[in-house]
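Asker: Take a look at run.cif, mmCIF, C-alpha atoms (C1' of nucleotides):
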data_start
#
loop_
_atom_site.label_atom_id
_atom_site.label_comp_id
_atom_site.auth_asym_id
_atom_site.auth_seq_id
_atom_site.Cartn_x
_atom_site.Cartn_y
_atom_site.Cartn_z
CA MET A 267 0.00 0.00 0.00
CA SER A 268 1.39 3.35 -1.05
CA ARG A 269 2.40 6.06 1.35
CA ARG A 270 -0.30 8.35 0.01
CA ALA A 271 -2.95 5.70 0.57
CA VAL A 272 -1.89 5.11 4.16
CA GLN A 273 -1.92 8.85 4.77
CA SER A 274 -5.44 9.19 3.56
CA ARG A 275 -6.56 6.22 5.63
CA ILE A 276 -5.10 7.94 8.69
CA ALA A 277 -6.62 11.26 7.70
CA ARG A 278 -10.08 9.78 7.30
CA ALA A 279 -9.98 8.05 10.66
CA ALA A 280 -8.56 11.12 12.35
CA GLU A 281 -11.15 13.49 10.94
CA GLU A 282 -13.91 11.26 12.13
CA LEU A 283 -12.49 11.34 15.64
CA PHE A 284 -11.97 15.09 15.46
CA VAL A 285 -15.56 15.66 14.44
CA ASP A 286 -16.76 13.42 17.25
CA LYS A 287 -14.59 14.56 20.14
CA GLY A 288 -12.79 17.68 18.97
CA PHE A 289 -9.19 18.13 17.93
CA GLU A 290 -7.54 18.80 21.27
CA GLU A 291 -9.51 16.04 22.94
CA THR A 292 -8.31 13.41 20.49
CA THR A 293 -4.89 11.96 21.25
CA VAL A 294 -2.45 10.69 18.66
CA ASP A 295 -2.60 7.32 20.38
CA GLU A 296 -6.29 7.12 19.65
CA ILE A 297 -5.79 7.97 15.99
CA ALA A 298 -3.03 5.40 15.68
CA ALA A 299 -5.19 2.78 17.38
CA ALA A 300 -8.09 3.58 15.05
CA VAL A 301 -6.01 2.65 12.00
CA GLY A 302 -4.20 -0.15 13.85
CA MET A 303 -0.70 1.16 14.05
CA SER A 304 1.66 2.44 16.72
CA GLN A 305 1.96 6.09 17.64
CA ARG A 306 5.50 5.99 16.33
CA SER A 307 4.29 4.95 12.91
CA PHE A 308 1.72 7.72 12.86
CA PHE A 309 4.57 10.18 13.10
CA ARG A 310 6.25 8.49 10.16
CA TYR A 311 3.33 9.54 7.98
CA PHE A 312 2.59 12.94 9.46
CA ALA A 313 5.14 15.25 11.01
CA SER A 314 2.60 16.50 13.53
CA LYS A 315 -0.98 16.08 14.61
CA ASP A 316 -1.77 19.35 12.85
CA GLU A 317 -0.63 18.03 9.51
CA VAL A 318 -3.36 15.44 9.39
CA VAL A 319 -5.87 18.23 9.10
CA LEU A 320 -3.80 20.64 7.04
CA ASP A 321 -2.69 18.08 4.51
CA SER A 322 -5.63 18.66 2.18
CA LEU A 323 -4.95 22.37 2.30
CA GLU A 324 -1.42 21.67 1.17
CA ARG A 325 -2.63 20.02 -1.99
CA LEU A 326 -5.13 22.78 -2.66
CA GLY A 327 -2.25 25.24 -2.31
CA GLU A 328 -0.22 23.41 -4.91
CA ASP A 329 -3.21 23.55 -7.20
CA LEU A 330 -3.52 27.31 -6.72
CA ALA A 331 0.17 27.80 -7.46
CA ALA A 332 -0.09 25.76 -10.64
CA ARG A 333 -3.11 27.73 -11.83
CA LEU A 334 -1.36 31.00 -11.18
CA ALA A 335 1.72 29.87 -13.06
CA ALA A 336 -0.46 28.96 -16.02
CA ARG A 337 -1.91 32.44 -16.41
CA PRO A 338 -0.56 34.61 -19.23
CA ALA A 339 2.23 36.95 -18.17
CA GLY A 340 0.55 40.03 -19.59
CA GLU A 341 -2.59 39.65 -17.50
CA HIS A 342 -3.19 41.99 -14.59
CA GLU A 343 -1.92 40.31 -11.44
CA TRP A 344 -5.23 40.85 -9.71
CA ASP A 345 -7.06 38.97 -12.44
CA SER A 346 -4.50 36.18 -12.41
CA LEU A 347 -5.01 35.81 -8.69
CA ARG A 348 -8.77 35.73 -9.12
CA ARG A 349 -8.41 32.97 -11.71
CA ALA A 350 -6.01 31.10 -9.45
CA PHE A 351 -8.82 31.01 -6.89
CA ASP A 352 -11.06 29.13 -9.29
CA PRO A 353 -10.28 25.71 -7.74
CA VAL A 354 -11.55 27.02 -4.43
CA VAL A 355 -14.75 28.26 -6.04
CA GLU A 356 -15.16 24.94 -7.79
CA ARG A 357 -14.73 22.97 -4.59
CA PHE A 358 -17.35 25.20 -3.07
CA GLY A 359 -19.69 24.29 -5.88
CA ASP A 360 -19.53 20.56 -5.24
CA PRO A 361 -21.73 19.61 -2.26
CA VAL A 362 -19.54 16.70 -1.16
CA SER A 363 -16.25 18.59 -1.04
CA ARG A 364 -17.99 21.62 0.39
CA GLU A 365 -19.38 19.60 3.27
CA HIS A 366 -16.00 18.05 3.90
CA ASP A 367 -14.21 21.40 3.75
CA ALA A 368 -16.76 22.95 6.06
CA ALA A 369 -16.15 20.18 8.58
CA ILE A 370 -12.40 20.75 8.36
CA GLN A 371 -12.90 24.45 8.75
CA ARG A 372 -15.02 23.92 11.83
CA ILE A 373 -12.32 21.75 13.36
CA ILE A 374 -9.72 24.40 12.61
CA ASP A 375 -11.77 27.25 13.99
CA ARG A 376 -12.42 25.44 17.23
CA SER A 377 -8.75 24.89 18.01
CA PRO A 378 -6.50 27.93 18.42
CA ARG A 379 -3.47 25.72 17.97
CA LEU A 380 -4.70 24.42 14.64
CA LEU A 381 -5.88 27.82 13.51
CA ALA A 382 -2.38 29.09 14.12
CA SER A 383 -0.69 26.50 11.94
CA TYR A 384 -3.38 26.95 9.33
CA LEU A 385 -2.58 30.63 9.07
CA CYS A 386 1.10 29.77 8.90
CA ARG A 387 0.45 27.58 5.87
CA LEU A 388 -1.55 30.32 4.22
CA GLU A 389 1.32 32.70 4.79
CA LEU A 390 3.71 30.28 3.15
CA LEU A 391 1.37 29.87 0.20
CA GLN A 392 1.15 33.62 -0.24
CA ARG A 393 4.91 33.83 -0.29
CA MET A 394 5.03 31.21 -3.02
CA LEU A 395 2.43 32.98 -5.13
CA THR A 396 4.21 36.30 -4.65
CA ASP A 397 7.44 34.77 -5.90
CA ALA A 398 5.66 33.33 -8.89
CA LEU A 399 4.20 36.73 -9.79
CA LEU A 400 7.50 38.43 -9.15
CA ALA A 401 9.26 36.11 -11.53
CA ARG A 402 6.92 36.88 -14.40
CA SER A 403 7.04 40.68 -14.11
CA GLU A 404 10.42 41.71 -12.87
CA ASP A 405 9.82 45.42 -13.09
CA ALA A 406 7.02 45.31 -10.51
CA ASP A 407 7.43 46.68 -7.01
CA PRO A 408 7.99 43.62 -4.77
CA VAL A 409 6.44 45.25 -1.75
CA VAL A 410 3.30 46.26 -3.61
CA LEU A 411 3.09 42.84 -5.22
CA ARG A 412 3.34 41.14 -1.88
CA ALA A 413 0.64 43.36 -0.47
CA MET A 414 -1.53 42.64 -3.47
CA VAL A 415 -1.32 38.90 -2.91
CA GLY A 416 -2.16 39.49 0.74
CA GLY A 417 -5.10 41.64 -0.30
CA ALA A 418 -6.41 39.00 -2.67
CA PHE A 419 -6.25 36.39 0.07
CA ALA A 420 -8.02 38.80 2.38
CA CYS A 421 -10.84 38.94 -0.16
CA LEU A 422 -10.95 35.17 -0.40
CA HIS A 423 -10.94 34.83 3.34
CA ALA A 424 -13.59 37.49 3.83
CA ALA A 425 -15.86 35.98 1.19
CA ALA A 426 -15.55 32.51 2.69
CA PHE A 427 -15.90 33.65 6.26
CA PRO A 428 -19.64 33.67 6.82
CA ALA A 429 -19.74 30.12 5.49
CA CYS A 430 -22.53 31.50 3.38
CA ASP A 431 -24.69 29.41 1.12
CA PRO A 432 -22.98 28.08 -1.99
CA GLU A 433 -24.73 30.49 -4.32
CA GLU A 434 -23.36 33.40 -2.36
CA PHE A 435 -19.67 32.62 -2.34
CA ALA A 436 -18.54 33.27 -5.91
CA PRO A 437 -20.46 36.54 -6.31
CA SER A 438 -19.26 37.64 -2.90
CA LEU A 439 -15.67 36.98 -3.90
CA ASP A 440 -16.06 38.82 -7.20
CA ARG A 441 -17.75 41.77 -5.57
CA THR A 442 -15.04 42.03 -2.91
CA MET A 443 -12.19 41.66 -5.34
CA ALA A 444 -13.77 44.30 -7.55
CA ALA A 445 -14.02 46.66 -4.59
CA LEU A 446 -10.38 46.19 -3.61
CA ARG A 447 -9.00 46.04 -7.11
CA PRO A 448 -5.74 48.01 -7.37
CA VAL A 449 -6.05 50.71 -9.96
CA GLY A 450 -2.66 51.49 -11.40
CA ALA A 451 -0.61 48.37 -10.94
CA SER A 452 1.08 47.04 -14.05
CA MET B 1086 5.18 43.85 43.06
CA SER B 1087 2.41 44.13 40.53
CA ARG B 1088 1.46 41.42 38.12
CA ARG B 1089 2.44 43.59 35.20
CA ALA B 1090 5.87 44.21 36.67
CA VAL B 1091 6.52 40.52 37.23
CA GLN B 1092 5.43 39.81 33.67
CA SER B 1093 7.85 42.28 32.25
CA ARG B 1094 10.67 40.93 34.42
CA ILE B 1095 9.95 37.48 33.04
CA ALA B 1096 9.68 38.82 29.50
CA ARG B 1097 13.02 40.60 29.70
CA ALA B 1098 14.82 37.54 31.02
CA ALA B 1099 13.13 35.28 28.50
CA GLU B 1100 13.93 37.47 25.52
CA GLU B 1101 17.56 37.54 26.50
CA LEU B 1102 17.62 33.76 26.58
CA PHE B 1103 15.74 33.53 23.29
CA VAL B 1104 18.24 35.84 21.58
CA ASP B 1105 21.12 33.81 22.98
CA LYS B 1106 19.92 30.28 22.36
CA GLY B 1107 16.82 30.53 20.22
CA PHE B 1108 13.18 30.06 21.18
CA GLU B 1109 12.80 26.31 20.80
CA GLU B 1110 16.11 25.66 22.52
CA THR B 1111 15.13 27.58 25.63
CA THR B 1112 13.03 25.64 28.12
CA VAL B 1113 10.44 27.15 30.42
CA ASP B 1114 12.44 25.76 33.33
CA GLU B 1115 15.39 27.87 32.29
CA ILE B 1116 13.28 31.01 32.05
CA ALA B 1117 11.75 30.35 35.44
CA ALA B 1118 15.17 29.74 36.96
CA ALA B 1119 16.47 32.96 35.42
CA VAL B 1120 13.88 35.00 37.30
CA GLY B 1121 14.03 32.76 40.36
CA MET B 1122 10.65 31.15 40.35
CA SER B 1123 9.17 27.73 39.76
CA GLN B 1124 7.97 26.58 36.37
CA ARG B 1125 4.49 26.43 37.80
CA SER B 1126 4.59 30.10 38.67
CA PHE B 1127 5.78 31.00 35.22
CA PHE B 1128 2.54 29.57 33.88
CA ARG B 1129 0.61 31.72 36.31
CA TYR B 1130 1.90 34.82 34.56
CA PHE B 1131 1.86 33.57 31.00
CA ALA B 1132 -0.56 31.04 29.63
CA SER B 1133 2.10 29.64 27.31
CA LYS B 1134 5.71 30.06 26.31
CA ASP B 1135 4.52 31.82 23.17
CA GLU B 1136 2.78 34.53 25.14
CA VAL B 1137 6.01 35.81 26.60
CA VAL B 1138 7.04 36.92 23.15
CA LEU B 1139 3.62 37.93 21.85
CA ASP B 1140 2.68 39.96 24.89
CA SER B 1141 4.11 43.21 23.56
CA LEU B 1142 2.22 42.70 20.33
CA GLU B 1143 -0.94 42.42 22.35
CA ARG B 1144 -0.48 45.88 23.78
CA LEU B 1145 0.41 47.34 20.40
CA GLY B 1146 -2.80 45.85 19.10
CA GLU B 1147 -4.82 47.57 21.80
CA ASP B 1148 -3.14 50.80 20.84
CA LEU B 1149 -4.10 50.32 17.18
CA ALA B 1150 -7.69 49.61 18.12
CA ALA B 1151 -7.86 52.74 20.25
CA ARG B 1152 -6.45 54.88 17.46
CA LEU B 1153 -8.90 53.49 14.98
CA ALA B 1154 -11.80 54.14 17.31
CA ALA B 1155 -10.66 57.74 17.69
CA ARG B 1156 -10.86 58.49 13.97
CA PRO B 1157 -13.84 60.52 12.70
CA ALA B 1158 -16.69 58.38 11.45
CA GLY B 1159 -16.90 60.20 8.12
CA GLU B 1160 -13.31 59.45 7.14
CA HIS B 1161 -12.63 56.88 4.45
CA GLU B 1162 -11.95 53.54 6.16
CA TRP B 1163 -8.70 53.13 4.30
CA ASP B 1164 -7.41 56.42 5.68
CA SER B 1165 -8.56 55.56 9.18
CA LEU B 1166 -6.64 52.32 8.97
CA ARG B 1167 -3.55 54.13 7.73
CA ARG B 1168 -3.78 56.51 10.68
CA ALA B 1169 -4.33 53.60 13.06
CA PHE B 1170 -0.98 52.26 11.88
CA ASP B 1171 0.78 55.41 13.08
CA PRO B 1172 1.91 53.84 16.36
CA VAL B 1173 3.72 51.19 14.36
CA VAL B 1174 5.42 53.81 12.24
CA GLU B 1175 6.35 55.74 15.35
CA ARG B 1176 7.87 52.70 17.01
CA PHE B 1177 9.84 52.17 13.86
CA GLY B 1178 11.16 55.70 14.17
CA ASP B 1179 12.61 55.24 17.62
CA PRO B 1180 15.94 53.38 17.43
CA VAL B 1181 15.51 51.66 20.79
CA SER B 1182 12.06 50.21 20.18
CA ARG B 1183 12.98 49.42 16.60
CA GLU B 1184 15.96 47.37 17.69
CA HIS B 1185 13.84 45.57 20.26
CA ASP B 1186 11.04 44.91 17.80
CA ALA B 1187 13.50 43.65 15.23
CA ALA B 1188 14.92 41.21 17.76
CA ILE B 1189 11.43 39.98 18.60
CA GLN B 1190 10.63 39.65 14.91
CA ARG B 1191 13.78 37.63 14.35
CA ILE B 1192 12.83 35.28 17.17
CA ILE B 1193 9.35 34.87 15.72
CA ASP B 1194 10.56 34.24 12.18
CA ARG B 1195 12.97 31.57 13.31
CA SER B 1196 10.31 29.49 15.03
CA PRO B 1197 7.42 28.14 12.97
CA ARG B 1198 5.49 27.48 16.14
CA LEU B 1199 5.78 31.07 17.26
CA LEU B 1200 5.11 32.44 13.80
CA ALA B 1201 1.89 30.50 13.82
CA SER B 1202 0.61 31.98 17.06
CA TYR B 1203 1.78 35.40 15.94
CA LEU B 1204 -0.37 35.18 12.83
CA CYS B 1205 -3.23 34.00 14.97
CA ARG B 1206 -3.00 37.15 17.07
CA LEU B 1207 -2.91 39.30 13.99
CA GLU B 1208 -6.03 37.59 12.76
CA LEU B 1209 -7.75 38.34 16.04
CA LEU B 1210 -6.69 41.96 15.88
CA GLN B 1211 -8.06 42.28 12.36
CA ARG B 1212 -11.35 40.92 13.52
CA MET B 1213 -11.48 43.53 16.27
CA LEU B 1214 -10.69 46.37 13.90
CA THR B 1215 -13.26 45.13 11.43
CA ASP B 1216 -15.90 45.15 14.12
CA ALA B 1217 -14.92 48.68 15.12
CA LEU B 1218 -15.27 49.89 11.53
CA LEU B 1219 -18.48 47.98 11.06
CA ALA B 1220 -19.99 49.66 14.10
CA ARG B 1221 -19.33 53.15 12.81
CA SER B 1222 -20.73 52.70 9.32
CA GLU B 1223 -23.55 50.23 9.44
CA ASP B 1224 -24.49 50.50 5.82
CA ALA B 1225 -21.12 49.17 4.63
CA ASP B 1226 -20.73 45.70 3.17
CA PRO B 1227 -19.27 43.55 5.97
CA VAL B 1228 -17.45 41.23 3.62
CA VAL B 1229 -15.80 44.09 1.74
CA LEU B 1230 -14.94 45.79 5.00
CA ARG B 1231 -13.33 42.67 6.34
CA ALA B 1232 -11.32 42.27 3.18
CA MET B 1233 -10.28 45.90 3.38
CA VAL B 1234 -8.87 45.45 6.85
CA GLY B 1235 -7.05 42.37 5.64
CA GLY B 1236 -5.71 44.32 2.69
CA ALA B 1237 -4.45 47.12 4.92
CA PHE B 1238 -2.64 44.63 7.12
CA ALA B 1239 -1.18 43.03 4.03
CA CYS B 1240 0.26 46.43 3.14
CA LEU B 1241 1.67 46.85 6.62
CA HIS B 1242 3.12 43.39 6.56
CA ALA B 1243 4.59 43.81 3.11
CA ALA B 1244 6.14 47.16 3.94
CA ALA B 1245 7.71 45.81 7.13
CA PHE B 1246 8.87 42.59 5.58
CA PRO B 1247 12.27 43.45 4.15
CA ALA B 1248 13.24 44.86 7.57
CA CYS B 1249 14.31 47.81 5.52
CA ASP B 1250 16.13 50.79 6.93
CA PRO B 1251 14.02 53.13 9.07
CA GLU B 1252 13.80 55.82 6.41
CA GLU B 1253 12.27 53.35 4.02
CA PHE B 1254 9.39 52.01 6.07
CA ALA B 1255 6.88 54.88 6.21
CA PRO B 1256 7.18 55.80 2.52
CA SER B 1257 6.97 52.14 1.60
CA LEU B 1258 3.78 51.78 3.60
CA ASP B 1259 2.25 54.89 2.07
CA ARG B 1260 3.18 53.87 -1.43
CA THR B 1261 1.74 50.41 -0.97
CA MET B 1262 -1.45 51.62 0.64
CA ALA B 1263 -1.86 54.14 -2.16
CA ALA B 1264 -1.45 51.37 -4.73
CA LEU B 1265 -4.05 49.13 -3.09
CA ARG B 1266 -6.45 51.90 -2.12
CA PRO B 1267 -10.06 50.85 -2.74
CA VAL B 1268 -11.74 53.26 -5.07
CA GLY B 1269 -15.42 53.32 -4.42
CA ALA B 1270 -15.87 52.31 -0.79
CA SER B 1271 -17.94 54.68 1.27
"C1'" DC C 1068 -4.35 38.27 67.09
"C1'" DA C 1069 -7.33 35.58 64.00
"C1'" DA C 1070 -9.75 34.70 59.84
"C1'" DT C 1071 -9.39 34.99 55.03
"C1'" DG C 1072 -8.01 35.25 50.39
"C1'" DA C 1073 -4.26 35.45 47.11
"C1'" DT C 1074 0.33 33.79 45.72
"C1'" DT C 1075 3.48 30.30 45.50
"C1'" DG C 1076 6.33 25.83 45.34
"C1'" DA C 1077 6.43 20.98 45.07
"C1'" DC C 1078 4.84 16.99 42.95
"C1'" DA C 1079 2.58 14.09 39.85
"C1'" DG C 1080 0.41 13.39 35.63
"C1'" DT C 1081 -0.85 13.92 30.44
"C1'" DC C 1082 0.35 14.45 25.83
"C1'" DA C 1083 3.03 15.69 21.58
"C1'" DC C 1084 7.05 14.42 19.70
"C1'" DT C 1085 11.96 12.23 19.07
"C1'" DG C 1086 15.80 8.96 19.00
"C1'" DA C 1087 17.59 4.36 19.23
"C1'" DC C 1088 17.24 -0.33 18.33
"C1'" DA C 1089 15.44 -4.73 17.03
"C1'" DC C 1090 12.52 -7.18 13.96
"C1'" DT C 1091 10.00 -8.44 9.76
"C1'" DT C 1092 9.22 -8.53 4.84
"C1'" DC C 1093 10.51 -8.23 0.40
"C1'" DC C 1094 13.55 -8.32 -3.46
"C1'" DG C 1095 17.61 -8.81 -6.62
"C1'" DG C 1096 22.15 -11.05 -7.09
"C1'" DG C 1097 25.42 -14.59 -6.01
"C1'" DC D 1225 18.71 -21.34 -2.23
"C1'" DC D 1226 20.80 -18.23 0.62
"C1'" DC D 1227 22.46 -13.71 1.53
"C1'" DG D 1228 22.27 -8.79 1.22
"C1'" DG D 1229 20.34 -4.50 1.99
"C1'" DA D 1230 16.25 -1.47 1.90
"C1'" DA D 1231 11.94 -0.14 3.62
"C1'" DG D 1232 8.33 -0.28 7.11
"C1'" DT D 1233 7.15 -1.18 11.68
"C1'" DG D 1234 6.79 -1.93 17.00
"C1'" DT D 1235 8.81 -1.05 21.49
"C1'" DC D 1236 10.92 1.61 24.81
"C1'" DA D 1237 12.76 5.40 26.92
"C1'" DG D 1238 13.21 10.20 27.13
"C1'" DT D 1239 12.24 15.43 26.69
"C1'" DG D 1240 9.51 19.34 27.17
"C1'" DA D 1241 5.08 22.02 27.41
"C1'" DC D 1242 1.37 22.33 30.14
"C1'" DT D 1243 -2.28 21.15 34.02
"C1'" DG D 1244 -4.37 19.76 38.52
"C1'" DT D 1245 -3.82 19.45 43.25
"C1'" DC D 1246 -2.44 20.43 47.75
"C1'" DA D 1247 -0.10 22.40 51.38
"C1'" DA D 1248 2.55 26.33 52.97
"C1'" DT D 1249 3.14 31.20 53.11
"C1'" DC D 1250 2.10 35.94 52.96
"C1'" DA D 1251 -0.71 40.11 53.11
"C1'" DT D 1252 -5.05 42.14 54.29
"C1'" DT D 1253 -8.70 43.15 57.04
"C1'" DG D 1254 -11.75 42.91 60.98
#
Kindly transcribe the structure held in the file into structure tokens.

Answerer:
Amino acid sequence: MSRRAVQSRIARAAEELFVDKGFEETTVDEIAAAVGMSQRSFFRYFASKDEVVLDSLERLGEDLAARLAARPAGEHEWDSLRRAFDPVVERFGDPVSREHDAAIQRIIDRSPRLLASYLCRLELLQRMLTDALLARSEDADPVVLRAMVGGAFACLHAAAFPACDPEEFAPSLDRTMAALRPVGAS
Amino acid sequence: MSRRAVQSRIARAAEELFVDKGFEETTVDEIAAAVGMSQRSFFRYFASKDEVVLDSLERLGEDLAARLAARPAGEHEWDSLRRAFDPVVERFGDPVSREHDAAIQRIIDRSPRLLASYLCRLELLQRMLTDALLARSEDADPVVLRAMVGGAFACLHAAAFPACDPEEFAPSLDRTMAALRPVGAS
DNA sequence: CAATGATTGACAGTCACTGACACTTCCGGG
DNA sequence: CCCGGAAGTGTCAGTGACTGTCAATCATTG
């Protein structure tokens, strides 16, 4: 059985426990027992308890980065970012993934510890996207570019925050990104 | 001796150790020993090891919130936010606080764990500022407002990032906030 | 002085996480 | 067929953050 497969078996079992008892209240021993392995082996598949939850985010992040890299270099950065967010919008459109993501989000929001590492991942992702944008337009102001990526994520975050109904999310994101759209930037 | 005074004694000793040996490499026992108290008492003054470092940020955050609340209600939110950032700019102007803040920032950046809780605090602060703005102009779009606060913090973060020389910071912030300034918002 | 409430230290316990080591399984080469 | 290492695993012991508990101390107030 492949590493990836074992990881997702662990993740599934863990998420079920987290939903039942909460993140902090679930011990690594319990997760390991649920999939029939030792605690030590759990840590061979995930570097920390946090990672079990944040793993799916990681892959979504890679997706975003790939989308952004695929955008034409001449396009306004703001528009490229909006298009890079399409996978998120799509996931929101599918009831199954949306329900799953909402569950994950609830787990994250209920645990300050998890929320912290979640934000850390987002920060890292923003840095990656900034670098990607910086590479394609070298004459741009790095500070402004960085702020722009942060602003775009702020829009995404704000639009997703109320966990609004699925019909609301995409328009909300577009409206917010239109309101915060930088005027002059190259 | 007041609680506050004890906390700052602990914080001073801890920061010295953190600068010397790094955050992760310094144990709570060592900090407690340095100020001559038991580990148990340390945790009576700070809820976690992280808090020792993030405590000063907490007070800066309160300052920001107060400044924002003091701005006239008719002012454009973006300008109010810029003015609320003045304390940060001021701290950056004073060589002593700047050196201290830079040391703190270095400690934070070197420890993923700390960086995570730092971002969590920032998130909390943004939520507070959003609520303050929302209270003063009830007709505004909450989602857009939230994104705007996030965008302003992204500017602040981006401008502070390169740990540039003191002369650079304020202009960099102004330039970035001008570039990302929302056009239409009330 | 005595009662009382807050502060503290000492101790034990939980839990995330790490390192070391032994063991199994599998697989290609002799 | 046996031997070799490589990869995955369990076990055990240890560290360090954090918590609960209890008894002692200290300051305050009546």

Asker: Rounded to one decimal, what separation in Å do you get between CA of Ala1201 in chain B and CA of Leu388 in chain A?

Answerer: 10.2 Å

Asker: Considering all atoms listed in the file, return as a ChimeraX atom specification whatever protein or nucleic-acid residues lie within 10 Å of range 1087-1089 of chain C, sequence-local ones (same chain, fewer than 5 positions apart) excluded.

Answerer: /D:1234-1237

Asker: Please write as a ChimeraX atom specification the full residue list that the PyMOL selection byres ((chain B and resi 1230-1247) around 9) yields on this file.

Answerer: /A:408-425,442-443,445-446 /B:1162-1163,1166-1167,1170,1207-1208,1211-1212,1214-1216,1218-1219,1225-1229,1248-1250,1253-1259,1261-1262,1265-1267,1270

Asker: Using all atoms listed in the file and a cut-off of 8 Å, which residues of chain C sit close to chain A? Please list them as a PyMOL selection string.

Answerer: chain C and resi 1082-1084

Asker: Limited to C-alpha atoms (C1' of nucleotides), could you put the picked residues into a file as a PDB file, in the coordinates of the input?

Answerer:
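Dumped to again.pdb:
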ATOM      1  C1'  DC C1082       0.350  14.450  25.830  1.00  0.00           C
ATOM      2  C1'  DA C1083       3.030  15.690  21.580  1.00  0.00           C
ATOM      3  C1'  DC C1084       7.050  14.420  19.700  1.00  0.00           C
TER       4       DC C1084
END

Asker: Any idea what the distance is between CA of Leu1102 in chain B and CA of Glu1115 in chain B?

Answerer: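 Straight-line distance from CA of Leu1102 in chain B to CA of Glu1115 in chain B works out to 8.5 Å.
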
Asker: What would range 270-282 of chain A look like with N, CA, C and O atoms in place, written as a compact mmCIF listing (two decimals), keeping the file's coordinate frame?

Answerer:
# COMPACT_ATOMS: atom_id res chain seq x y z
N ARG A 270 0.86 7.46 0.17
CA ARG A 270 -0.30 8.35 0.01
C ARG A 270 -1.59 7.69 0.51
O ARG A 270 -2.42 8.31 1.17
N ALA A 271 -1.74 6.41 0.18
CA ALA A 271 -2.95 5.70 0.57
C ALA A 271 -3.03 5.56 2.09
O ALA A 271 -4.10 5.75 2.68
N VAL A 272 -1.90 5.23 2.70
CA VAL A 272 -1.89 5.11 4.16
C VAL A 272 -2.23 6.46 4.79
O VAL A 272 -3.03 6.55 5.71
N GLN A 273 -1.64 7.52 4.24
CA GLN A 273 -1.92 8.85 4.77
C GLN A 273 -3.40 9.17 4.72
O GLN A 273 -3.96 9.70 5.67
N SER A 274 -4.04 8.81 3.61
CA SER A 274 -5.44 9.19 3.56
C SER A 274 -6.30 8.29 4.43
O SER A 274 -7.33 8.73 4.94
N ARG A 275 -5.85 7.06 4.66
CA ARG A 275 -6.56 6.22 5.63
C ARG A 275 -6.48 6.85 7.03
O ARG A 275 -7.48 6.95 7.75
N ILE A 276 -5.28 7.28 7.38
CA ILE A 276 -5.10 7.94 8.69
C ILE A 276 -5.96 9.19 8.77
O ILE A 276 -6.67 9.42 9.75
N ALA A 277 -5.90 9.99 7.69
CA ALA A 277 -6.62 11.26 7.70
C ALA A 277 -8.12 11.03 7.88
O ALA A 277 -8.77 11.74 8.65
N ARG A 278 -8.64 10.05 7.18
CA ARG A 278 -10.08 9.78 7.30
C ARG A 278 -10.46 9.40 8.72
O ARG A 278 -11.42 9.93 9.29
N ALA A 279 -9.68 8.49 9.29
CA ALA A 279 -9.98 8.05 10.66
C ALA A 279 -9.85 9.21 11.64
O ALA A 279 -10.69 9.40 12.53
N ALA A 280 -8.81 10.01 11.44
CA ALA A 280 -8.56 11.12 12.35
C ALA A 280 -9.69 12.14 12.29
O ALA A 280 -10.20 12.59 13.32
N GLU A 281 -10.11 12.47 11.08
CA GLU A 281 -11.15 13.49 10.94
C GLU A 281 -12.45 13.05 11.59
O GLU A 281 -13.16 13.86 12.20
N GLU A 282 -12.71 11.76 11.48
CA GLU A 282 -13.91 11.26 12.13
C GLU A 282 -13.83 11.47 13.64
O GLU A 282 -14.78 11.96 14.27
